[in-house]
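Trainee: Pasting query_24.cif below, which is mmCIF, C-alpha atoms (C1' of nucleotides).
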data_my_file
#
loop_
_atom_site.label_atom_id
_atom_site.label_comp_id
_atom_site.auth_asym_id
_atom_site.auth_seq_id
_atom_site.Cartn_x
_atom_site.Cartn_y
_atom_site.Cartn_z
CA MET A 1139 36.71 214.90 155.37
CA ARG A 1140 33.99 212.55 154.26
CA LYS A 1141 33.29 209.65 156.55
CA SER A 1142 34.10 206.37 154.84
CA PRO A 1143 31.11 204.03 154.49
CA ALA A 1144 30.63 201.60 157.37
CA PHE A 1145 29.57 198.94 154.89
CA THR A 1146 28.78 198.57 151.22
CA ARG A 1147 25.65 197.16 149.69
CA ALA A 1148 25.93 194.33 147.27
CA GLU A 1149 23.77 192.67 144.67
CA PRO A 1150 21.90 189.91 146.46
CA ASP A 1151 23.31 187.27 144.11
CA ALA A 1152 26.85 188.54 144.56
CA ARG A 1153 26.47 188.62 148.33
CA ARG A 1154 25.11 185.09 148.39
CA ALA A 1155 28.02 183.93 146.27
CA SER A 1156 30.58 185.62 148.51
CA LEU A 1157 29.06 183.97 151.58
CA ILE A 1158 29.15 180.57 149.91
CA GLU A 1159 32.78 181.05 148.95
CA ALA A 1160 33.62 182.17 152.47
CA ALA A 1161 31.95 179.04 153.82
CA ALA A 1162 34.03 176.90 151.48
CA ARG A 1163 37.22 178.58 152.67
CA VAL A 1164 36.36 178.15 156.34
CA LEU A 1165 35.50 174.48 155.84
CA ALA A 1166 38.78 173.96 153.99
CA ARG A 1167 40.85 175.77 156.60
CA ASP A 1168 39.19 174.87 159.91
CA GLY A 1169 37.26 171.70 159.16
CA VAL A 1170 33.75 170.86 160.23
CA ALA A 1171 34.32 171.62 163.91
CA GLY A 1172 35.60 175.13 163.20
CA THR A 1173 32.75 176.10 160.93
CA SER A 1174 30.02 178.32 162.37
CA VAL A 1175 27.85 181.22 161.34
CA ARG A 1176 30.20 183.63 163.04
CA ALA A 1177 33.35 182.19 161.49
CA ILE A 1178 31.84 182.35 158.02
CA ALA A 1179 30.63 185.90 158.52
CA LEU A 1180 34.06 186.95 159.75
CA GLU A 1181 35.69 185.29 156.74
CA ALA A 1182 33.30 187.12 154.41
CA GLY A 1183 33.95 190.43 156.22
CA VAL A 1184 30.31 190.75 157.12
CA SER A 1185 28.20 190.77 160.26
CA PRO A 1186 26.85 187.45 161.57
CA GLY A 1187 23.23 188.46 161.11
CA LEU A 1188 23.64 188.63 157.37
CA VAL A 1189 24.08 184.90 157.05
CA ASN A 1190 20.56 184.26 158.27
CA HIS A 1191 19.29 187.05 156.06
CA TYR A 1192 20.39 185.12 152.98
CA PHE A 1193 20.09 181.50 154.10
CA ALA A 1194 17.42 179.63 156.00
CA GLY A 1195 20.07 178.34 158.37
CA ILE A 1196 23.58 177.06 158.60
CA ASP A 1197 22.58 173.70 157.14
CA ALA A 1198 21.13 175.34 154.05
CA LEU A 1199 24.36 177.27 153.61
CA VAL A 1200 26.40 174.07 153.91
CA ALA A 1201 24.19 172.40 151.30
CA GLU A 1202 24.63 175.29 148.89
CA THR A 1203 28.36 175.34 149.55
CA TYR A 1204 28.55 171.65 148.67
CA ALA A 1205 26.65 172.28 145.44
CA HIS A 1206 28.99 175.14 144.60
CA VAL A 1207 32.16 173.19 145.30
CA GLU A 1208 30.91 170.19 143.36
CA ALA A 1209 30.14 172.47 140.43
CA ARG A 1210 33.71 173.73 140.49
CA VAL A 1211 34.93 170.14 140.56
CA ALA A 1212 32.79 169.41 137.51
CA GLU A 1213 34.30 172.43 135.79
CA ALA A 1214 37.82 171.23 136.50
CA ILE A 1215 36.99 167.83 135.06
CA ASP A 1216 35.35 169.38 132.01
CA ALA A 1217 38.48 171.42 131.42
CA ALA A 1218 40.55 168.23 131.55
CA LEU A 1219 38.19 166.60 129.04
CA ASP A 1220 38.62 169.53 126.67
CA VAL A 1221 42.39 169.22 126.82
CA ALA A 1222 42.12 165.49 126.11
CA GLY A 1223 40.61 166.09 122.70
CA THR A 1224 37.99 163.93 121.00
CA ASP A 1225 39.21 160.36 121.38
CA PRO A 1226 36.67 158.72 123.70
CA ARG A 1227 39.15 156.62 125.59
CA ALA A 1228 41.52 159.54 126.05
CA ARG A 1229 38.64 161.54 127.48
CA LEU A 1230 37.83 158.76 129.91
CA ASP A 1231 41.44 158.61 131.03
CA ALA A 1232 41.45 162.36 131.48
CA PHE A 1233 38.32 162.06 133.60
CA VAL A 1234 39.94 159.75 136.12
CA THR A 1235 43.31 161.50 136.08
CA ALA A 1236 41.66 164.82 136.84
CA SER A 1237 39.72 163.22 139.68
CA PHE A 1238 42.94 162.51 141.55
CA ALA A 1239 44.77 165.76 140.88
CA PRO A 1240 44.35 169.11 142.57
CA PRO A 1241 42.05 170.90 142.88
CA VAL A 1242 39.69 167.93 142.86
CA ALA A 1243 41.57 165.56 145.13
CA SER A 1244 42.61 167.85 147.92
CA GLY A 1245 42.19 167.32 151.60
CA GLU A 1246 40.76 170.80 151.79
CA LEU A 1247 37.64 169.76 149.93
CA LEU A 1248 37.03 166.83 152.21
CA ALA A 1249 35.53 168.88 155.04
CA THR A 1250 32.84 170.21 152.72
CA TRP A 1251 31.90 166.70 151.67
CA ILE A 1252 31.88 165.46 155.28
CA ALA A 1253 29.75 168.37 156.45
CA PHE A 1254 27.29 167.62 153.66
CA TRP A 1255 27.24 163.87 154.23
CA SER A 1256 26.50 164.40 157.91
CA LEU A 1257 23.22 166.09 156.94
CA VAL A 1258 22.02 163.52 154.40
CA ARG A 1259 20.47 161.00 156.76
CA SER A 1260 18.41 163.44 158.81
CA ARG A 1261 17.36 165.98 156.17
CA PRO A 1262 15.14 164.62 153.40
CA GLU A 1263 15.67 167.63 151.14
CA ILE A 1264 19.42 167.24 151.45
CA ALA A 1265 19.13 163.52 150.73
CA ARG A 1266 17.31 164.50 147.55
CA GLN A 1267 20.07 166.94 146.61
CA HIS A 1268 22.67 164.23 147.16
CA ASP A 1269 20.75 161.76 145.00
CA GLU A 1270 20.52 164.31 142.20
CA GLN A 1271 24.20 165.21 142.25
CA TYR A 1272 25.24 161.56 142.44
CA ALA A 1273 22.97 160.72 139.53
CA ALA A 1274 24.42 163.58 137.49
CA PHE A 1275 27.98 162.44 138.15
CA ARG A 1276 27.12 158.89 137.18
CA ALA A 1277 25.22 159.94 134.07
CA ARG A 1278 28.24 161.81 132.82
CA LEU A 1279 30.38 158.74 133.31
CA GLU A 1280 27.80 156.55 131.56
CA ALA A 1281 27.93 158.83 128.54
CA LEU A 1282 31.72 158.65 128.39
CA LEU A 1283 31.59 154.87 128.69
CA GLY A 1284 29.01 154.70 125.92
CA ASP A 1285 31.26 156.78 123.66
CA CYS A 1286 33.93 154.13 124.17
CA GLY A 1287 31.60 151.51 122.77
CA LEU A 1288 30.37 149.94 125.99
CA PRO A 1289 26.97 148.33 125.30
CA SER A 1290 24.15 150.21 126.96
CA ALA A 1291 23.14 147.10 128.87
CA ARG A 1292 26.41 147.20 130.76
CA GLN A 1293 26.66 150.95 131.21
CA ARG A 1294 24.71 151.15 134.46
CA HIS A 1295 26.80 148.69 136.41
CA ALA A 1296 30.02 149.95 134.87
CA ALA A 1297 29.24 153.53 135.82
CA ILE A 1298 28.32 152.53 139.37
CA ALA A 1299 31.58 150.60 139.64
CA ILE A 1300 33.84 153.33 138.27
CA THR A 1301 32.09 156.00 140.33
CA ALA A 1302 32.57 153.92 143.48
CA LEU A 1303 36.19 153.21 142.60
CA ILE A 1304 36.92 156.89 142.01
CA ASP A 1305 35.10 157.90 145.19
CA GLY A 1306 36.90 155.32 147.28
CA LEU A 1307 40.33 156.25 145.93
CA TRP A 1308 39.56 159.94 146.24
CA LEU A 1309 38.40 159.59 149.82
CA GLU A 1310 41.44 157.62 150.89
CA LEU A 1311 43.74 160.01 149.04
CA CYS A 1312 42.24 162.91 150.98
CA LEU A 1313 42.26 161.12 154.35
CA SER A 1314 45.81 159.82 154.21
CA PRO A 1315 47.90 161.16 151.33
CA HIS A 1316 50.72 158.75 152.14
CA ALA A 1317 48.97 155.39 151.74
CA PHE A 1318 49.35 155.59 147.97
CA THR A 1319 49.97 158.33 145.42
CA ALA A 1320 47.66 160.12 143.04
CA ALA A 1321 49.60 158.54 140.21
CA GLU A 1322 48.90 155.08 141.58
CA ALA A 1323 45.23 155.92 141.93
CA GLY A 1324 45.21 156.95 138.27
CA GLU A 1325 46.92 153.74 137.20
CA ILE A 1326 44.44 151.66 139.17
CA ALA A 1327 41.44 153.42 137.71
CA ARG A 1328 42.75 153.23 134.13
CA PHE A 1329 43.50 149.53 134.63
CA ALA A 1330 39.90 149.04 135.71
CA LEU A 1331 38.72 150.84 132.59
CA ASP A 1332 40.92 148.60 130.43
CA ALA A 1333 39.33 145.53 131.98
CA LEU A 1334 35.86 146.95 131.57
CA LEU A 1335 36.06 147.96 127.90
CA MET B 304 12.79 149.61 203.81
CA ARG B 305 16.28 149.67 202.48
CA LYS B 306 17.09 152.60 200.23
CA SER B 307 17.95 151.38 196.75
CA PRO B 308 21.46 152.32 195.59
CA ALA B 309 21.70 155.65 193.79
CA PHE B 310 24.25 154.19 191.42
CA THR B 311 26.30 151.03 191.00
CA ARG B 312 30.02 150.77 190.62
CA ALA B 313 31.40 148.98 187.65
CA GLU B 314 34.68 147.50 186.60
CA PRO B 315 36.58 150.28 184.84
CA ASP B 316 36.85 148.22 181.65
CA ALA B 317 33.16 147.38 181.69
CA ARG B 318 32.23 151.01 182.25
CA ARG B 319 34.44 152.16 179.41
CA ALA B 320 32.86 149.56 177.14
CA SER B 321 29.34 150.61 178.08
CA LEU B 322 30.17 154.24 177.35
CA ILE B 323 31.61 153.33 173.97
CA GLU B 324 28.54 151.30 173.12
CA ALA B 325 26.30 154.15 174.22
CA ALA B 326 28.26 156.51 171.97
CA ALA B 327 27.77 154.13 169.04
CA ARG B 328 24.02 154.03 169.66
CA VAL B 329 23.73 157.81 169.90
CA LEU B 330 25.72 158.30 166.70
CA ALA B 331 23.52 155.74 164.94
CA ARG B 332 20.28 157.26 166.19
CA ASP B 333 20.94 161.00 166.22
CA GLY B 334 23.83 161.46 163.83
CA VAL B 335 26.87 163.63 164.31
CA ALA B 336 24.92 166.76 165.19
CA GLY B 337 23.01 165.06 168.00
CA THR B 338 26.05 163.53 169.63
CA SER B 339 27.42 165.18 172.75
CA VAL B 340 28.85 164.25 176.10
CA ARG B 341 25.46 164.75 177.71
CA ALA B 342 23.56 162.69 175.16
CA ILE B 343 26.00 159.82 175.50
CA ALA B 344 25.89 159.94 179.30
CA LEU B 345 22.09 159.93 179.22
CA GLU B 346 22.10 156.97 176.84
CA ALA B 347 24.48 155.11 179.15
CA GLY B 348 22.35 155.97 182.19
CA VAL B 349 25.22 157.79 183.79
CA SER B 350 26.08 161.32 184.81
CA PRO B 351 27.86 163.56 182.28
CA GLY B 352 30.94 163.95 184.40
CA LEU B 353 31.76 160.27 184.10
CA VAL B 354 32.56 160.59 180.43
CA ASN B 355 35.47 162.87 181.15
CA HIS B 356 36.55 160.60 183.96
CA TYR B 357 37.15 157.78 181.47
CA PHE B 358 38.11 159.64 178.30
CA ALA B 359 40.42 162.55 177.63
CA GLY B 360 37.62 164.28 175.75
CA ILE B 361 34.76 163.75 173.39
CA ASP B 362 37.13 163.33 170.42
CA ALA B 363 38.96 160.51 172.16
CA LEU B 364 35.65 158.80 172.84
CA VAL B 365 34.65 159.14 169.19
CA ALA B 366 37.98 157.65 168.12
CA GLU B 367 37.56 154.69 170.46
CA THR B 368 33.98 154.24 169.31
CA TYR B 369 35.17 154.09 165.71
CA ALA B 370 37.77 151.48 166.62
CA HIS B 371 35.13 149.46 168.44
CA VAL B 372 32.60 149.60 165.60
CA GLU B 373 35.24 148.73 163.05
CA ALA B 374 36.26 145.75 165.17
CA ARG B 375 32.66 144.54 165.15
CA VAL B 376 32.59 144.97 161.38
CA ALA B 377 35.72 142.86 161.13
CA GLU B 378 34.09 140.21 163.30
CA ALA B 379 31.03 140.11 161.06
CA ILE B 380 33.24 139.66 158.01
CA ASP B 381 35.29 136.98 159.74
CA ALA B 382 32.08 135.12 160.54
CA ALA B 383 31.10 135.28 156.87
CA LEU B 384 34.52 133.93 155.90
CA ASP B 385 34.08 131.00 158.27
CA VAL B 386 30.75 130.12 156.71
CA ALA B 387 32.31 130.28 153.26
CA GLY B 388 34.65 127.40 154.02
CA THR B 389 38.16 126.97 152.71
CA ASP B 390 37.98 127.68 148.98
CA PRO B 391 39.97 130.90 148.53
CA ARG B 392 37.71 132.39 145.90
CA ALA B 393 34.58 131.57 147.88
CA ARG B 394 36.12 133.35 150.86
CA LEU B 395 36.85 136.40 148.75
CA ASP B 396 33.26 136.45 147.51
CA ALA B 397 32.02 136.12 151.05
CA PHE B 398 34.20 139.08 152.02
CA VAL B 399 32.57 141.42 149.57
CA THR B 400 29.07 140.07 150.06
CA ALA B 401 29.32 140.61 153.80
CA SER B 402 30.58 144.13 153.21
CA PHE B 403 27.26 145.11 151.65
CA ALA B 404 24.92 143.32 154.02
CA PRO B 405 23.78 144.35 157.46
CA PRO B 406 25.20 144.94 159.93
CA VAL B 407 28.19 146.19 157.94
CA ALA B 408 26.41 148.24 155.30
CA SER B 409 23.88 150.12 157.35
CA GLY B 410 23.16 153.81 157.34
CA GLU B 411 23.40 153.71 161.11
CA LEU B 412 27.13 153.06 161.00
CA LEU B 413 27.74 155.96 158.68
CA ALA B 414 27.56 158.63 161.38
CA THR B 415 30.37 156.96 163.30
CA TRP B 416 32.56 156.94 160.21
CA ILE B 417 31.74 160.56 159.42
CA ALA B 418 32.43 161.70 162.97
CA PHE B 419 35.79 159.94 162.83
CA TRP B 420 36.71 161.23 159.38
CA SER B 421 35.99 164.79 160.48
CA LEU B 422 38.77 164.47 163.06
CA VAL B 423 41.43 162.95 160.81
CA ARG B 424 42.74 166.12 159.21
CA SER B 425 43.21 168.14 162.37
CA ARG B 426 44.32 165.46 164.85
CA PRO B 427 47.63 163.77 164.07
CA GLU B 428 47.05 160.90 166.49
CA ILE B 429 43.68 160.19 164.91
CA ALA B 430 45.24 160.33 161.45
CA ARG B 431 47.67 157.70 162.67
CA GLN B 432 44.83 155.54 163.93
CA HIS B 433 43.09 155.84 160.59
CA ASP B 434 46.22 154.86 158.72
CA GLU B 435 46.64 151.79 160.91
CA GLN B 436 43.07 150.60 160.53
CA TYR B 437 43.12 151.21 156.79
CA ALA B 438 46.38 149.28 156.48
CA ALA B 439 44.93 146.39 158.48
CA PHE B 440 41.85 146.22 156.28
CA ARG B 441 43.96 146.25 153.15
CA ALA B 442 46.41 143.67 154.49
CA ARG B 443 43.58 141.25 155.11
CA LEU B 444 42.39 141.72 151.55
CA GLU B 445 45.92 141.24 150.21
CA ALA B 446 46.16 137.92 152.02
CA LEU B 447 42.86 136.74 150.57
CA LEU B 448 43.97 137.80 147.09
CA GLY B 449 47.26 135.99 147.54
CA ASP B 450 45.40 132.81 148.51
CA CYS B 451 43.58 133.04 145.20
CA GLY B 452 46.89 132.94 143.38
CA LEU B 453 47.37 136.60 142.61
CA PRO B 454 51.11 137.26 142.18
CA SER B 455 52.51 139.25 145.04
CA ALA B 456 53.73 141.95 142.65
CA ARG B 457 50.11 142.76 141.85
CA GLN B 458 48.66 142.37 145.31
CA ARG B 459 49.27 145.92 146.44
CA HIS B 460 47.44 147.66 143.62
CA ALA B 461 44.71 145.02 143.59
CA ALA B 462 44.06 145.44 147.30
CA ILE B 463 43.99 149.22 147.00
CA ALA B 464 41.53 148.92 144.13
CA ILE B 465 39.18 146.46 145.79
CA THR B 466 39.29 148.35 149.06
CA ALA B 467 38.40 151.57 147.27
CA LEU B 468 35.65 149.85 145.30
CA ILE B 469 34.12 148.37 148.44
CA ASP B 470 34.41 151.67 150.31
CA GLY B 471 32.83 153.63 147.48
CA LEU B 472 29.96 151.20 147.07
CA TRP B 473 29.47 150.97 150.83
CA LEU B 474 29.40 154.74 151.22
CA GLU B 475 26.87 155.25 148.46
CA LEU B 476 24.75 152.39 149.76
CA CYS B 477 24.60 154.08 153.16
CA LEU B 478 23.98 157.56 151.79
CA SER B 479 21.21 156.68 149.36
CA PRO B 480 19.94 153.12 149.64
CA HIS B 481 17.81 153.53 146.52
CA ALA B 482 20.47 154.32 143.93
CA PHE B 483 21.35 150.64 143.65
CA THR B 484 20.85 147.52 145.75
CA ALA B 485 23.21 145.61 147.98
CA ALA B 486 22.87 142.68 145.57
CA GLU B 487 24.04 144.89 142.70
CA ALA B 488 26.98 146.10 144.75
CA GLY B 489 27.94 142.48 145.37
CA GLU B 490 27.67 141.61 141.69
CA ILE B 491 29.83 144.57 140.76
CA ALA B 492 32.52 143.71 143.28
CA ARG B 493 32.59 140.03 142.32
CA PHE B 494 32.81 141.01 138.66
CA ALA B 495 35.81 143.17 139.50
CA LEU B 496 37.42 140.23 141.29
CA ASP B 497 36.81 138.01 138.24
CA ALA B 498 38.60 140.51 136.06
CA LEU B 499 41.44 140.86 138.51
CA LEU B 500 42.22 137.18 139.05
"C1'" DG C 1307 29.87 146.68 211.82
"C1'" DC C 1308 33.46 150.34 210.46
"C1'" DG C 1309 36.47 152.97 207.78
"C1'" DC C 1310 38.66 154.00 203.45
"C1'" DT C 1311 39.24 154.05 198.74
"C1'" DT C 1312 37.55 155.74 194.69
"C1'" DG C 1313 33.92 155.40 191.27
"C1'" DT C 1314 30.14 158.46 190.70
"C1'" DT C 1315 27.10 162.37 191.04
"C1'" DA C 1316 25.54 166.99 190.61
"C1'" DT C 1317 26.48 171.32 189.68
"C1'" DA C 1318 28.97 175.35 188.27
"C1'" DC C 1319 31.54 177.71 184.87
"C1'" DG C 1320 32.90 180.20 180.71
"C1'" DA C 1321 32.69 179.90 176.00
"C1'" DA C 1322 30.38 179.12 171.95
"C1'" DT C 1323 26.44 177.97 169.35
"C1'" DG C 1324 22.14 179.35 166.06
"C1'" DT C 1325 18.53 182.48 165.76
"C1'" DC C 1326 16.29 186.72 165.99
"C1'" DC C 1327 15.21 191.75 165.69
"C1'" DA C 1328 15.18 196.72 166.26
"C1'" DA C 1329 18.01 200.37 164.78
"C1'" DC C 1330 20.97 202.19 161.36
"C1'" DA C 1331 22.73 203.99 157.04
"C1'" DA C 1332 23.89 203.34 152.03
"C1'" DG C 1333 22.56 204.87 147.93
"C1'" DC C 1334 18.92 205.24 144.48
"C1'" DA C 1335 14.69 208.00 143.16
"C1'" DA C 1336 12.43 212.14 143.13
"C1'" DT D 390 18.96 218.17 148.61
"C1'" DT D 391 15.42 215.19 150.59
"C1'" DG D 392 13.01 210.99 151.38
"C1'" DC D 393 12.56 206.14 151.17
"C1'" DT D 394 13.73 201.46 150.48
"C1'" DT D 395 16.14 197.81 152.19
"C1'" DG D 396 20.70 195.71 152.72
"C1'" DT D 397 23.27 195.60 156.82
"C1'" DT D 398 24.70 195.97 161.47
"C1'" DG D 399 25.53 194.60 166.15
"C1'" DG D 400 24.05 192.90 170.09
"C1'" DA D 401 20.48 190.30 172.85
"C1'" DC D 402 18.63 185.92 173.64
"C1'" DA D 403 18.06 181.24 175.23
"C1'" DT D 404 20.52 177.02 174.60
"C1'" DT D 405 23.96 173.98 174.47
"C1'" DC D 406 28.49 172.78 174.48
"C1'" DG D 407 32.94 170.62 176.92
"C1'" DT D 408 35.38 170.75 181.03
"C1'" DA D 409 36.41 170.98 185.85
"C1'" DT D 410 35.57 170.05 190.73
"C1'" DA D 411 33.79 169.43 195.37
"C1'" DA D 412 30.69 166.49 197.78
"C1'" DC D 413 28.81 162.02 198.08
"C1'" DA D 414 28.21 157.03 198.69
"C1'" DA D 415 29.03 152.17 197.13
"C1'" DG D 416 31.14 148.33 198.54
"C1'" DC D 417 35.49 146.01 199.60
"C1'" DG D 418 39.02 144.98 203.28
"C1'" DC D 419 39.49 144.69 207.90
#
Give the structure from this file in structure tokens form.

Mentor:
Amino acid sequence: MRKSPAFTRAEPDARRASLIEAAARVLARDGVAGTSVRAIALEAGVSPGLVNHYFAGIDALVAETYAHVEARVAEAIDAALDVAGTDPRARLDAFVTASFAPPVASGELLATWIAFWSLVRSRPEIARQHDEQYAAFRARLEALLGDCGLPSARQRHAAIAITALIDGLWLELCLSPHAFTAAEAGEIARFALDALL
Amino acid sequence: MRKSPAFTRAEPDARRASLIEAAARVLARDGVAGTSVRAIALEAGVSPGLVNHYFAGIDALVAETYAHVEARVAEAIDAALDVAGTDPRARLDAFVTASFAPPVASGELLATWIAFWSLVRSRPEIARQHDEQYAAFRARLEALLGDCGLPSARQRHAAIAITALIDGLWLELCLSPHAFTAAEAGEIARFALDALL
DNA sequence: GCGCTTGTTATACGAATGTCCAACAAGCAA
DNA sequence: TTGCTTGTTGGACATTCGTATAACAAGCGC
């Protein structure tokens, strides 16, 4: 009888990805307090030492997890935009509606955001990453607003406003799902867009 | 020569308050990662054991620190309302302006909020506290909106919207002070109020 | 001045943390 | 099959964490 392998080797990129996904699951399930190198390694079915073999430290893994989760959020929103068709205003509505529906607005994602935010003030490189991802989110919204005919002179403030409104509603929706509904959040955001355009 | 006292007794309420204020300072200075029972006790000039003598645990202390800091924020906003006088719209403008000026919008407060948010999902009693403080904030805004003549049927959604807008702008202002200025945040919020009223 | 209450200290404790590293073995190349 | 590269393991390591507790002393009431 051949001894079964004690472990299997993986492509470095695949292994990195599986660790990042494990980190996202642990953050979603156990929150910030329950997230550690050991918990992530256990979730990934891997020994603890491997985490430091692939990442400079736990903070770097959290930062990459945030980037990964945000990318999946962007994909979900893109998918909603595709479904909405080509009408600019319909696409804008789809953008906000998708922002308040699973999997984007889900309390499970919140822990990843909180873990990332807690690193921003003390880690310059993470502050830079945050600035880049915030700018990208806002730029996408500016483009959608421009497609709806908003003059370019007003796009900056409008995008800042809608981004803040979405973030604020999203945060509150994740923190206390009973204060108001996702449908109400959508109505509020679309009303703001009506007033803006 | 009389030996100087090794420690001084304090009124229980005063001691609790000094511990809460020490916790706020540690959170502001060292962030979530640098906050521990020992660090707070050191900051308060007190032995570590005393923290557990006054609080059920570190989480309870964080929750009380959040309540205390939020109360000071409310005081700062109240002071701004007093300065604004009696005109309802001027008071509303003062509300948002104060929300984006120190000491309310300051990166140092962010760590306290983040530490509190990280407890909301796993601690039912802290979720309840959050719901109460959010409801109080929104109720105050609803009253101000009502004074400006907003029909009561629209007050709920308007207050949710403005609260979210302020929260989103405040959060981004704390996370990356260079994306936009406090003055811009004020302009944006006042513009939203113009559209709403 | 004395005793008693209790706020306070100092330390101990076990558990958990992040980081590190020498040994191991999987699986490709020869 | 053999050898070698290197992904992977598993535990050691020094800290640090939160909590608990016995001894201490500050300062009020008498």

Trainee: What are the closest atom pairs, with distances in Å to one decimal, for all residues of chain B lying within 8 Å of chain D? Consider only C-alpha atoms (C1' of nucleotides), order rows by chain and residue number, and present the result as a Markdown table.

Mentor:
| residue | atom | partner | partner_atom | distance |
| --- | --- | --- | --- | --- |
| B:Pro308 | CA | D:DA415 | C1' | 7.7 |
| B:Phe310 | CA | D:DA415 | C1' | 7.7 |
| B:Thr311 | CA | D:DA415 | C1' | 6.8 |
| B:Arg312 | CA | D:DA415 | C1' | 6.7 |
| B:Ser339 | CA | D:DC406 | C1' | 7.9 |
| B:Val340 | CA | D:DG407 | C1' | 7.6 |
| B:Asn355 | CA | D:DT408 | C1' | 7.9 |
| B:Gly360 | CA | D:DG407 | C1' | 8.0 |
| B:Ile361 | CA | D:DG407 | C1' | 7.9 |

Trainee: For the structure shown, which residues end up in the PyMOL selection byres ((chain C) within 10 of (chain B))? Put them as a list in words, please?

Mentor: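 On the file shown, the PyMOL selection byres ((chain C) within 10 of (chain B)) covers DT1312, DG1313, DT1314, DT1315 and DA1316 of chain C.
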
Trainee: If you apply the PyMOL selection byres ((chain B and resi 470) around 9) to this file, what residues do you get, as an mmCIF file with C-alpha atoms, keeping the file's coordinate frame?

Mentor:
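selection.cif, freshly written:
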data_model
loop_
_atom_site.group_PDB
_atom_site.id
_atom_site.type_symbol
_atom_site.label_atom_id
_atom_site.label_comp_id
_atom_site.auth_asym_id
_atom_site.auth_seq_id
_atom_site.Cartn_x
_atom_site.Cartn_y
_atom_site.Cartn_z
ATOM 1 C CA ALA A 1302 32.570 153.920 143.480
ATOM 2 C CA LEU A 1303 36.190 153.210 142.600
ATOM 3 C CA ASP A 1305 35.100 157.900 145.190
ATOM 4 C CA GLY A 1306 36.900 155.320 147.280
ATOM 5 C CA LEU A 1307 40.330 156.250 145.930
ATOM 6 C CA LEU A 1309 38.400 159.590 149.820
ATOM 7 C CA SER B 402 30.580 144.130 153.210
ATOM 8 C CA ILE B 465 39.180 146.460 145.790
ATOM 9 C CA THR B 466 39.290 148.350 149.060
ATOM 10 C CA ALA B 467 38.400 151.570 147.270
ATOM 11 C CA LEU B 468 35.650 149.850 145.300
ATOM 12 C CA ILE B 469 34.120 148.370 148.440
ATOM 13 C CA GLY B 471 32.830 153.630 147.480
ATOM 14 C CA LEU B 472 29.960 151.200 147.070
ATOM 15 C CA TRP B 473 29.470 150.970 150.830
ATOM 16 C CA LEU B 474 29.400 154.740 151.220
ATOM 17 C CA GLU B 475 26.870 155.250 148.460
#

Trainee: Please indicate the distance in Å from atom CA of B:Leu444 to atom CA of B:Glu324, rounded to one decimal place.

Mentor: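 Separation between atom CA of B:Leu444 and atom CA of B:Glu324: 27.4 Å.
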
Trainee: Counting all atoms listed in the file, figure out which residue out of A:Ala1291, A:Ala1179, A:Ala1171, A:Val1164 gets nearest to chain B.

Mentor: A:Ala1171

Trainee: Applied to the shown file, which residues does the PyMOL selection byres ((chain A) within 10 of (chain B)) return, written as a ChimeraX atom specification?

Mentor: /A:1167-1171,1245-1246,1248-1253,1255-1260,1265-1266,1268-1269,1272-1273,1294-1296,1298-1310,1312-1318,1322-1323,1325-1327,1329-1330,1333-1334

Trainee: Record the distance separating atom CA of B:Arg375 and atom CA of B:Ala331, expressed in Å with one decimal.

Mentor: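 For atom CA of B:Arg375 relative to atom CA of B:Ala331, the distance reads 14.5 Å.
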
Trainee: Could you check how far atom CA of A:Ala1214 sits from atom CA of A:Leu1157, in Å to one decimal?

Mentor: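 These two atoms are separated by 21.6 Å.
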
Trainee: Nearest residue to C:DA1322 out of A:Ala1161, A:Ala1177, A:Ile1264, A:Leu1247, using only C-alpha atoms (C1' of nucleotides)?

Mentor: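 Smallest separation from C:DA1322 among the options: A:Ala1177.
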